[in-house]
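Chemist: For reference, the file input_38.tsv (TSV, C-alpha atoms) is included below:
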```
chain	number	residue	atom	x	y	z
A	1	MET	CA	46.23	60.58	105.22
A	2	ARG	CA	47.07	63.69	103.18
A	3	ILE	CA	43.78	65.29	104.34
A	4	LEU	CA	44.63	64.47	107.95
A	5	LEU	CA	48.04	66.10	107.61
A	6	LEU	CA	46.44	69.23	106.18
A	7	LEU	CA	44.25	69.34	109.28
A	8	GLY	CA	47.31	69.05	111.50
A	9	LEU	CA	46.54	65.42	112.42
A	10	ASN	CA	49.70	63.40	111.91
A	11	GLN	CA	48.49	60.09	113.32
A	12	VAL	CA	45.50	57.78	113.35
A	13	VAL	CA	43.28	58.31	116.40
A	14	THR	CA	40.53	55.89	117.42
A	15	ARG	CA	38.40	55.51	120.53
A	16	PHE	CA	36.52	52.78	122.37
A	17	PRO	CA	33.42	54.48	123.87
A	18	PRO	CA	31.37	52.05	126.04
A	19	GLU	CA	28.52	53.24	128.21
A	20	PRO	CA	29.19	52.38	131.89
A	21	ASN	CA	25.80	50.75	132.43
A	22	GLY	CA	27.01	47.15	132.64
A	23	ILE	CA	29.96	44.81	132.23
A	24	LEU	CA	31.71	44.38	128.88
A	25	HIS	CA	30.89	41.20	126.95
A	26	ILE	CA	32.61	39.27	124.19
A	27	GLY	CA	31.07	41.54	121.53
A	28	HIS	CA	32.90	44.45	123.12
A	29	ALA	CA	36.12	42.44	122.83
A	30	LYS	CA	35.71	42.53	119.05
A	31	ALA	CA	35.22	46.31	119.10
A	32	ILE	CA	38.21	46.75	121.43
A	33	ASN	CA	40.44	44.72	119.12
A	34	ILE	CA	39.31	46.69	116.05
A	35	ASP	CA	39.66	50.11	117.73
A	36	PHE	CA	43.04	49.46	119.32
A	37	GLY	CA	44.28	47.27	116.46
A	38	THR	CA	43.52	49.87	113.77
A	39	ALA	CA	45.43	52.55	115.65
A	40	LYS	CA	48.36	50.25	116.46
A	41	ALA	CA	48.69	49.11	112.84
A	42	LYS	CA	49.12	52.75	111.78
A	43	GLY	CA	51.26	53.85	114.71
A	44	GLY	CA	48.35	55.79	116.22
A	45	ILE	CA	46.61	56.10	119.58
A	46	THR	CA	43.30	55.01	121.11
A	47	TYR	CA	41.19	56.76	123.74
A	48	LEU	CA	39.06	54.85	126.21
A	49	ARG	CA	36.06	57.15	126.57
A	50	LEU	CA	33.30	56.32	129.04
A	51	ASP	CA	30.05	57.51	127.42
A	52	ASP	CA	28.40	58.59	130.67
A	53	THR	CA	25.44	60.66	129.48
A	54	ASN	CA	22.65	58.71	131.20
A	55	PRO	CA	22.79	58.93	135.02
A	56	GLU	CA	19.77	56.66	135.30
A	57	ALA	CA	21.69	53.51	134.34
A	58	GLU	CA	25.35	54.23	135.01
A	59	ASP	CA	27.51	53.44	138.01
A	60	GLU	CA	31.13	53.97	139.10
A	61	ARG	CA	31.47	50.20	139.58
A	62	TYR	CA	30.97	49.68	135.86
A	63	VAL	CA	33.52	52.40	135.04
A	64	ASN	CA	36.18	50.62	137.09
A	65	GLU	CA	35.38	47.19	135.68
A	66	ILE	CA	35.40	48.44	132.08
A	67	ILE	CA	38.88	49.90	132.59
A	68	GLU	CA	40.01	46.67	134.26
A	69	MET	CA	38.67	44.47	131.43
A	70	VAL	CA	40.28	46.56	128.68
A	71	LYS	CA	43.64	46.23	130.42
A	72	TRP	CA	43.03	42.52	131.11
A	73	LEU	CA	42.71	41.98	127.36
A	74	GLY	CA	46.16	43.53	127.03
A	75	PHE	CA	45.30	47.02	125.74
A	76	ASN	CA	46.51	50.27	127.25
A	77	PRO	CA	44.58	53.38	126.19
A	78	TYR	CA	46.40	56.59	125.36
A	79	LYS	CA	44.05	58.37	127.75
A	80	ILE	CA	40.90	57.56	129.73
A	81	THR	CA	38.22	60.21	129.24
A	82	HIS	CA	34.51	60.65	129.94
A	83	SER	CA	31.80	62.27	127.85
A	84	SER	CA	30.97	64.23	131.01
A	85	ASP	CA	34.39	65.91	130.72
A	86	TYR	CA	32.88	67.89	127.85
A	87	PHE	CA	29.42	68.71	129.25
A	88	ASP	CA	30.20	72.44	129.50
A	89	GLN	CA	31.38	72.59	125.88
A	90	LEU	CA	28.41	70.58	124.67
A	91	TYR	CA	26.08	72.96	126.51
A	92	GLU	CA	27.70	76.02	124.90
A	93	TRP	CA	27.47	74.46	121.45
A	94	ALA	CA	23.73	73.95	122.01
A	95	TYR	CA	23.33	77.74	122.17
A	96	VAL	CA	25.31	78.10	118.94
A	97	LEU	CA	22.88	75.74	117.20
A	98	ILE	CA	19.84	77.55	118.60
A	99	ASN	CA	21.20	80.92	117.46
A	100	LYS	CA	21.76	79.49	113.99
A	101	GLY	CA	18.15	78.30	113.89
A	102	LEU	CA	19.30	74.67	113.85
A	103	ALA	CA	17.89	73.60	117.23
A	104	TYR	CA	14.69	74.31	119.12
A	105	VAL	CA	12.94	73.46	122.36
A	106	CYS	CA	10.13	70.94	121.85
A	107	HIS	CA	7.35	69.78	124.16
A	108	GLN	CA	6.35	66.59	122.37
A	109	GLY	CA	6.38	63.38	124.42
A	110	ILE	CA	8.39	60.30	123.53
A	111	GLU	CA	5.40	58.50	122.06
A	112	GLU	CA	4.62	61.44	119.77
A	113	MET	CA	8.17	61.30	118.35
A	114	ARG	CA	8.07	57.57	117.65
A	115	GLY	CA	6.48	55.64	114.84
A	116	PHE	CA	6.84	55.52	111.09
A	117	ASP	CA	7.17	58.91	109.37
A	118	PRO	CA	6.29	61.08	112.41
A	119	PRO	CA	4.95	64.56	111.59
A	120	PRO	CA	7.18	67.58	112.24
A	121	SER	CA	7.06	69.04	115.71
A	122	PRO	CA	4.57	71.91	116.07
A	123	TRP	CA	7.37	73.84	117.83
A	124	ARG	CA	9.91	73.32	115.03
A	125	ASP	CA	9.73	76.93	113.84
A	126	ARG	CA	9.41	78.70	117.18
A	127	PRO	CA	11.43	81.94	117.47
A	128	ILE	CA	15.12	81.65	118.34
A	129	GLU	CA	14.79	83.97	121.34
A	130	GLU	CA	11.99	81.82	122.73
A	131	SER	CA	14.04	78.63	122.41
A	132	ILE	CA	17.00	80.28	124.13
A	133	LYS	CA	14.83	81.31	127.07
A	134	LEU	CA	13.20	77.90	127.31
A	135	PHE	CA	16.55	76.08	127.10
A	136	GLU	CA	17.83	78.20	129.98
A	137	GLY	CA	14.69	77.16	131.85
A	138	MET	CA	15.44	73.49	131.14
A	139	LYS	CA	18.93	73.91	132.55
A	140	ASN	CA	17.62	75.70	135.64
A	141	GLY	CA	14.98	73.10	136.46
A	142	ALA	CA	11.90	75.02	135.32
A	143	PHE	CA	10.39	71.94	133.62
A	144	ASN	CA	9.61	68.44	134.80
A	145	GLU	CA	11.12	65.40	133.12
A	146	GLY	CA	9.54	64.84	129.72
A	147	GLU	CA	8.03	68.33	129.48
A	148	ALA	CA	10.75	69.75	127.22
A	149	THR	CA	13.65	68.61	125.07
A	150	LEU	CA	16.12	70.33	122.80
A	151	ARG	CA	15.90	68.89	119.29
A	152	LEU	CA	18.11	69.31	116.25
A	153	LYS	CA	16.42	70.73	113.18
A	154	LEU	CA	17.47	68.29	110.48
A	155	THR	CA	15.96	65.63	108.29
A	156	MET	CA	17.81	62.34	108.36
A	157	GLU	CA	16.98	59.17	106.43
A	158	ASP	CA	13.43	58.54	105.26
A	159	SER	CA	10.80	58.49	107.99
A	160	LYS	CA	13.05	59.98	110.70
A	161	GLN	CA	13.23	63.55	111.90
A	162	ASP	CA	14.87	65.85	114.40
A	163	PRO	CA	16.78	63.81	117.00
A	164	VAL	CA	16.80	64.94	120.62
A	165	ALA	CA	20.00	66.70	121.73
A	166	PHE	CA	19.23	67.36	125.42
A	167	ARG	CA	16.64	65.90	127.77
A	168	ILE	CA	15.76	66.53	131.43
A	169	LYS	CA	16.72	64.02	134.13
A	170	PHE	CA	16.59	64.99	137.80
A	171	LEU	CA	19.17	62.42	138.83
A	172	PRO	CA	22.67	62.88	140.26
A	173	HIS	CA	25.52	61.94	137.96
A	174	HIS	CA	28.23	59.69	139.36
A	175	ARG	CA	30.88	62.28	138.40
A	176	THR	CA	29.20	65.69	138.07
A	177	LYS	CA	26.81	65.03	140.99
A	178	ASP	CA	23.93	67.57	140.98
A	179	LYS	CA	25.49	70.12	138.63
A	180	TRP	CA	23.20	69.25	135.72
A	181	CYS	CA	19.54	68.35	135.33
A	182	ILE	CA	19.80	68.23	131.52
A	183	TYR	CA	21.92	65.60	129.81
A	184	PRO	CA	23.02	65.30	126.17
A	185	THR	CA	21.93	62.28	124.13
A	186	TYR	CA	24.11	59.82	122.26
A	187	ASP	CA	23.26	61.41	118.89
A	188	TYR	CA	24.43	64.79	120.12
A	189	THR	CA	27.41	63.71	122.23
A	190	HIS	CA	29.10	61.01	120.19
A	191	CYS	CA	30.28	62.95	117.16
A	192	LEU	CA	31.20	66.10	119.11
A	193	CYS	CA	33.34	64.18	121.61
A	194	ASP	CA	35.03	62.49	118.63
A	195	SER	CA	35.67	65.94	117.21
A	196	ILE	CA	37.07	67.33	120.47
A	197	GLU	CA	39.46	64.37	120.81
A	198	LYS	CA	40.45	64.67	117.12
A	199	VAL	CA	39.43	61.10	116.37
A	200	THR	CA	40.29	60.23	112.76
A	201	HIS	CA	38.44	56.90	112.46
A	202	SER	CA	35.10	56.65	114.29
A	203	LEU	CA	34.59	52.87	114.25
A	204	CYS	CA	31.21	51.50	115.34
A	205	THR	CA	28.91	48.55	114.79
A	206	LYS	CA	26.52	48.44	111.86
A	207	GLU	CA	23.37	49.49	113.75
A	208	PHE	CA	24.83	53.00	113.97
A	209	GLN	CA	24.95	53.33	110.19
A	210	THR	CA	21.56	55.07	110.21
A	211	ARG	CA	23.00	57.73	112.52
A	212	ARG	CA	25.86	58.63	110.21
A	213	SER	CA	23.89	61.45	108.59
A	214	SER	CA	23.27	63.21	111.92
A	215	TYR	CA	26.93	62.60	112.87
A	216	TYR	CA	28.20	64.52	109.85
A	217	TRP	CA	25.40	67.10	109.92
A	218	LEU	CA	26.11	68.14	113.50
A	219	CYS	CA	29.87	68.59	113.03
A	220	ASN	CA	29.28	70.59	109.87
A	221	ALA	CA	26.55	72.68	111.49
A	222	LEU	CA	28.96	73.76	114.23
A	223	ASP	CA	31.84	74.13	111.77
A	224	VAL	CA	34.10	71.85	113.80
A	225	TYR	CA	36.45	69.07	112.73
A	226	CYS	CA	34.45	66.09	111.44
A	227	PRO	CA	35.90	62.55	111.78
A	228	THR	CA	35.02	59.75	109.36
A	229	GLN	CA	32.62	57.08	110.58
A	230	TRP	CA	33.16	53.46	109.58
A	231	GLU	CA	30.85	50.56	110.46
A	232	PHE	CA	31.53	46.87	111.02
A	233	SER	CA	29.29	43.93	111.88
A	234	ARG	CA	28.66	43.18	115.53
A	235	LEU	CA	29.52	39.82	117.04
A	236	ASN	CA	26.43	37.61	117.34
A	237	LEU	CA	26.74	34.28	119.19
A	238	SER	CA	24.30	31.38	119.02
A	239	TYR	CA	22.67	29.97	122.18
A	240	THR	CA	23.48	32.92	124.40
A	241	VAL	CA	22.57	36.50	125.31
A	242	VAL	CA	25.02	39.41	125.33
A	243	SER	CA	22.69	42.43	125.44
A	244	LYS	CA	23.46	44.34	128.65
A	245	ARG	CA	19.78	45.16	129.11
A	246	LYS	CA	18.81	41.48	128.88
A	247	LEU	CA	21.71	40.37	131.07
A	248	LEU	CA	20.65	42.85	133.75
A	249	LYS	CA	17.14	41.41	133.64
A	250	LEU	CA	18.55	37.90	134.14
A	251	ILE	CA	20.55	39.11	137.14
A	252	GLN	CA	17.67	41.01	138.71
A	253	SER	CA	15.30	38.04	138.29
A	254	GLY	CA	17.81	35.67	139.92
A	255	VAL	CA	18.31	33.46	136.86
A	256	VAL	CA	22.07	34.10	137.09
A	257	SER	CA	24.04	35.21	140.12
A	258	ASP	CA	25.88	38.25	138.72
A	259	TRP	CA	27.71	39.62	135.70
A	260	ASP	CA	30.50	37.06	136.21
A	261	ASP	CA	28.23	34.01	136.26
A	262	PRO	CA	30.22	31.38	134.26
A	263	ARG	CA	27.19	30.68	132.03
A	264	LEU	CA	27.40	34.18	130.56
A	265	PHE	CA	29.67	35.59	127.87
A	266	THR	CA	30.66	38.75	129.70
A	267	LEU	CA	34.41	39.25	129.95
A	268	THR	CA	34.37	38.84	133.72
A	269	ALA	CA	32.44	35.56	133.32
A	270	LEU	CA	34.90	34.28	130.71
A	271	ARG	CA	37.79	35.20	132.99
A	272	ARG	CA	36.13	33.37	135.89
A	273	ARG	CA	35.63	30.38	133.60
A	274	GLY	CA	39.40	30.31	133.10
A	275	ILE	CA	39.56	31.45	129.46
A	276	PRO	CA	42.79	33.41	128.90
A	277	PRO	CA	42.55	36.89	127.33
A	278	GLU	CA	44.83	35.77	124.50
A	279	VAL	CA	42.19	33.23	123.45
A	280	ILE	CA	39.46	35.89	123.31
A	281	ASN	CA	41.68	38.18	121.24
A	282	LYS	CA	42.60	35.43	118.78
A	283	PHE	CA	38.96	34.39	118.49
A	284	VAL	CA	37.66	37.86	117.61
A	285	GLU	CA	40.63	38.54	115.31
A	286	SER	CA	39.75	35.39	113.33
A	287	LEU	CA	36.32	36.84	112.54
A	288	GLY	CA	37.82	39.67	110.49
A	289	VAL	CA	36.29	43.09	109.87
A	290	THR	CA	33.24	42.98	107.60
A	291	VAL	CA	29.78	44.51	107.43
A	292	ALA	CA	28.07	41.16	106.80
A	293	GLN	CA	26.01	39.97	109.77
A	294	THR	CA	26.85	36.39	110.78
A	295	LEU	CA	25.92	34.09	113.66
A	296	ILE	CA	28.91	32.43	115.33
A	297	ASP	CA	28.74	29.13	117.21
A	298	PRO	CA	30.39	29.38	120.66
A	299	VAL	CA	32.24	26.10	120.00
A	300	MET	CA	34.64	28.20	117.91
A	301	LEU	CA	35.79	29.89	121.10
A	302	ASP	CA	36.23	26.48	122.73
A	303	ALA	CA	38.40	25.37	119.80
A	304	PHE	CA	40.67	28.39	120.15
A	305	CYS	CA	40.89	27.72	123.88
A	306	ARG	CA	41.94	24.09	123.33
A	307	ASP	CA	44.58	25.07	120.77
A	308	TYR	CA	46.01	27.68	123.13
A	309	LEU	CA	46.04	25.43	126.19
A	310	ASN	CA	47.57	22.54	124.23
A	311	ILE	CA	50.65	24.71	123.83
A	312	THR	CA	50.75	26.62	127.11
A	313	ALA	CA	49.16	24.39	129.78
A	314	PRO	CA	51.52	22.26	131.92
A	315	ARG	CA	50.85	18.52	131.90
A	316	THR	CA	51.23	16.20	134.88
A	317	MET	CA	50.65	12.48	135.21
A	318	ALA	CA	48.83	11.32	138.32
A	319	VAL	CA	47.36	8.16	139.82
A	320	LEU	CA	44.23	9.16	141.70
A	321	GLU	CA	43.58	5.89	143.57
A	322	PRO	CA	46.90	4.03	143.87
A	323	LEU	CA	47.12	0.40	145.06
A	324	LYS	CA	50.13	-0.64	147.10
A	325	ILE	CA	51.74	-3.89	145.86
A	326	LYS	CA	54.74	-5.92	146.98
A	327	ILE	CA	56.82	-7.75	144.42
A	328	LYS	CA	58.16	-10.88	146.15
A	329	ASN	CA	60.67	-11.84	143.49
A	330	PHE	CA	61.92	-8.31	142.69
A	331	ALA	CA	65.55	-9.30	143.41
A	332	GLU	CA	65.34	-12.24	141.02
A	333	LEU	CA	63.92	-10.04	138.28
A	334	GLY	CA	66.80	-7.60	138.68
```
Written as structure tokens, how would this file's structure read?
Modeler:
Amino acid sequence: MRILLLLGLNQVVTRFPPEPNGILHIGHAKAINIDFGTAKAKGGITYLRLDDTNPEAEDERYVNEIIEMVKWLGFNPYKITHSSDYFDQLYEWAYVLINKGLAYVCHQGIEEMRGFDPPPSPWRDRPIEESIKLFEGMKNGAFNEGEATLRLKLTMEDSKQDPVAFRIKFLPHHRTKDKWCIYPTYDYTHCLCDSIEKVTHSLCTKEFQTRRSSYYWLCNALDVYCPTQWEFSRLNLSYTVVSKRKLLKLIQSGVVSDWDDPRLFTLTALRRRGIPPEVINKFVESLGVTVAQTLIDPVMLDAFCRDYLNITAPRTMAVLEPLKIKIKNFAELG
């Protein structure tokens, strides 16, 4: 906290940054509780930031439903922001990196960048002036999709190199419309948006641990405020699917009707099933905050639901199929 005060940050700041490419599921409920709960415990604030950097998969419908589900769980963000709010700043910072010799325009395809221990790009050491000209061309639509990317010149963990910072997508964005044909990637956007919003605790699930090195490298390369990243285990449930990509496939193939199909574990589905938000919050709170990966049986959620309804649900006695009777000696019995 002393370091934060020296930086002029007098409170804990967290953020919940979902991508608006689907409906939130019960795993997101755990992240929401950790992000908002950490800030609340320290008297801080939490941003709800929509990470809208991929126009190919995102939709305004998902933006609205994400906001609705966060509030349904009982959390009110300090401010609702979008990664696209900072596109201009992210674009300007790209030029700073190129001028420092820390970014370059590359023409390798996706398949050439993949695999174990990929070789360095043949364009890694191209002249700064050339990269600047080519990056301007990317922004102005001079290249087709996949013909050029802007990559960061760093070495991360073993067998990984130079993440992509900007790629070309000739698709309209649901907020910026046709202003851009280049879009920043998660690796480039995430840490810099955290920095802009002065996030103190960047909380994320464990699979992002391998991206921590690029997170810190990029903030330090631009000499901007660098938040601290902390990881926790994601919520894995037995007998069900929560991946948005897999859920979308189920919907498109007609296996389930929509995101709120009661068989799913999306938040809209759980709400439709009649599970109160308090039950979901108590369930994810009971799991704690650890880095150990565990598999949770969904019957645990049912148990929390029963305990909650035993206290809060009204009870009424009823006879569903009554039989009318006449007591002949009622007066004598009285």
Chemist: Near stretch 231-245 of chain A, within 8 Å and counting all atoms listed in the file, which residues show up once chain neighbours fewer than 3 positions away are dropped, as a ChimeraX atom specification?
Modeler: /A:21-23,25-27,30,203-206,208-209,248-249,264-266,289-298
Chemist: Closest to A:Ser131 among A:Ile110, A:Leu247, A:Ile98, A:Leu222, using only C-alpha atoms?
Modeler: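 That would be A:Ile98, the residue with the smallest distance to A:Ser131.
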Chemist: When you count all atoms listed in the file, which of these residues is closest to A:Arg126: A:Cys106, A:Ala57, A:Val13, A:Leu309?
Modeler: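 Of A:Cys106, A:Ala57, A:Val13, A:Leu309, the one nearest A:Arg126, counting all atoms listed in the file, is A:Cys106.
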Chemist: Would you please work out which residue, of A:Glu332, A:Glu68, A:Glu285, A:Glu60, is nearest to A:Ala29 when using only C-alpha atoms?
Modeler: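 Ranking A:Glu332, A:Glu68, A:Glu285, A:Glu60 by distance to A:Ala29, first place goes to A:Glu285.
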Chemist: Which residue is closest to A:Ala221? Choose from A:Arg61, A:Arg167, A:Lys177, A:Lys153 and count all atoms listed in the file.
Modeler: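 Distance minimum relative to A:Ala221 lands on A:Lys153.
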Chemist: What separation in Å, quoted to one decimal, exists between atom CA of A:Cys191 and atom CA of A:Ser214?
Modeler: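 Separation between atom CA of A:Cys191 and atom CA of A:Ser214: 8.8 Å.
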Chemist: Which residues, written as a ChimeraX atom specification, have at least one atom at most 12 Å from A:Asp88, with all atoms listed in the file counted and residues fewer than 2 positions away on the same chain left out?
Modeler: /A:83-86,90-95,139,176,179-180,182-184,189,193
Chemist: Residues as selected, C-alpha atoms, written as an mmCIF file, keeping the file's coordinate frame, can you do that?
Modeler:
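The resulting again_8.cif:
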```
data_model
loop_
_atom_site.group_PDB
_atom_site.id
_atom_site.type_symbol
_atom_site.label_atom_id
_atom_site.label_comp_id
_atom_site.auth_asym_id
_atom_site.auth_seq_id
_atom_site.Cartn_x
_atom_site.Cartn_y
_atom_site.Cartn_z
ATOM 1 C CA SER A 83 31.800 62.270 127.850
ATOM 2 C CA SER A 84 30.970 64.230 131.010
ATOM 3 C CA ASP A 85 34.390 65.910 130.720
ATOM 4 C CA TYR A 86 32.880 67.890 127.850
ATOM 5 C CA LEU A 90 28.410 70.580 124.670
ATOM 6 C CA TYR A 91 26.080 72.960 126.510
ATOM 7 C CA GLU A 92 27.700 76.020 124.900
ATOM 8 C CA TRP A 93 27.470 74.460 121.450
ATOM 9 C CA ALA A 94 23.730 73.950 122.010
ATOM 10 C CA TYR A 95 23.330 77.740 122.170
ATOM 11 C CA LYS A 139 18.930 73.910 132.550
ATOM 12 C CA THR A 176 29.200 65.690 138.070
ATOM 13 C CA LYS A 179 25.490 70.120 138.630
ATOM 14 C CA TRP A 180 23.200 69.250 135.720
ATOM 15 C CA ILE A 182 19.800 68.230 131.520
ATOM 16 C CA TYR A 183 21.920 65.600 129.810
ATOM 17 C CA PRO A 184 23.020 65.300 126.170
ATOM 18 C CA THR A 189 27.410 63.710 122.230
ATOM 19 C CA CYS A 193 33.340 64.180 121.610
#
```
Chemist: Taking into account all atoms listed in the file, which residue in the set A:Ile168, A:Met69, A:Cys181, A:Val279 is nearest to A:Arg306?
Modeler: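 The shortest atom-to-atom distance to A:Arg306 comes from A:Val279.
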Chemist: Rank nothing, just name the residue among A:Thr228, A:Thr14, A:Thr185, A:Thr149 nearest to A:Lys42, using all atoms listed in the file.
Modeler: A:Thr14
Chemist: What is the atom CA of A:Cys219-atom CA of A:Asp35 distance in Å, reported with one decimal?
Modeler: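 Distance between the two atoms: 21.4 Å.
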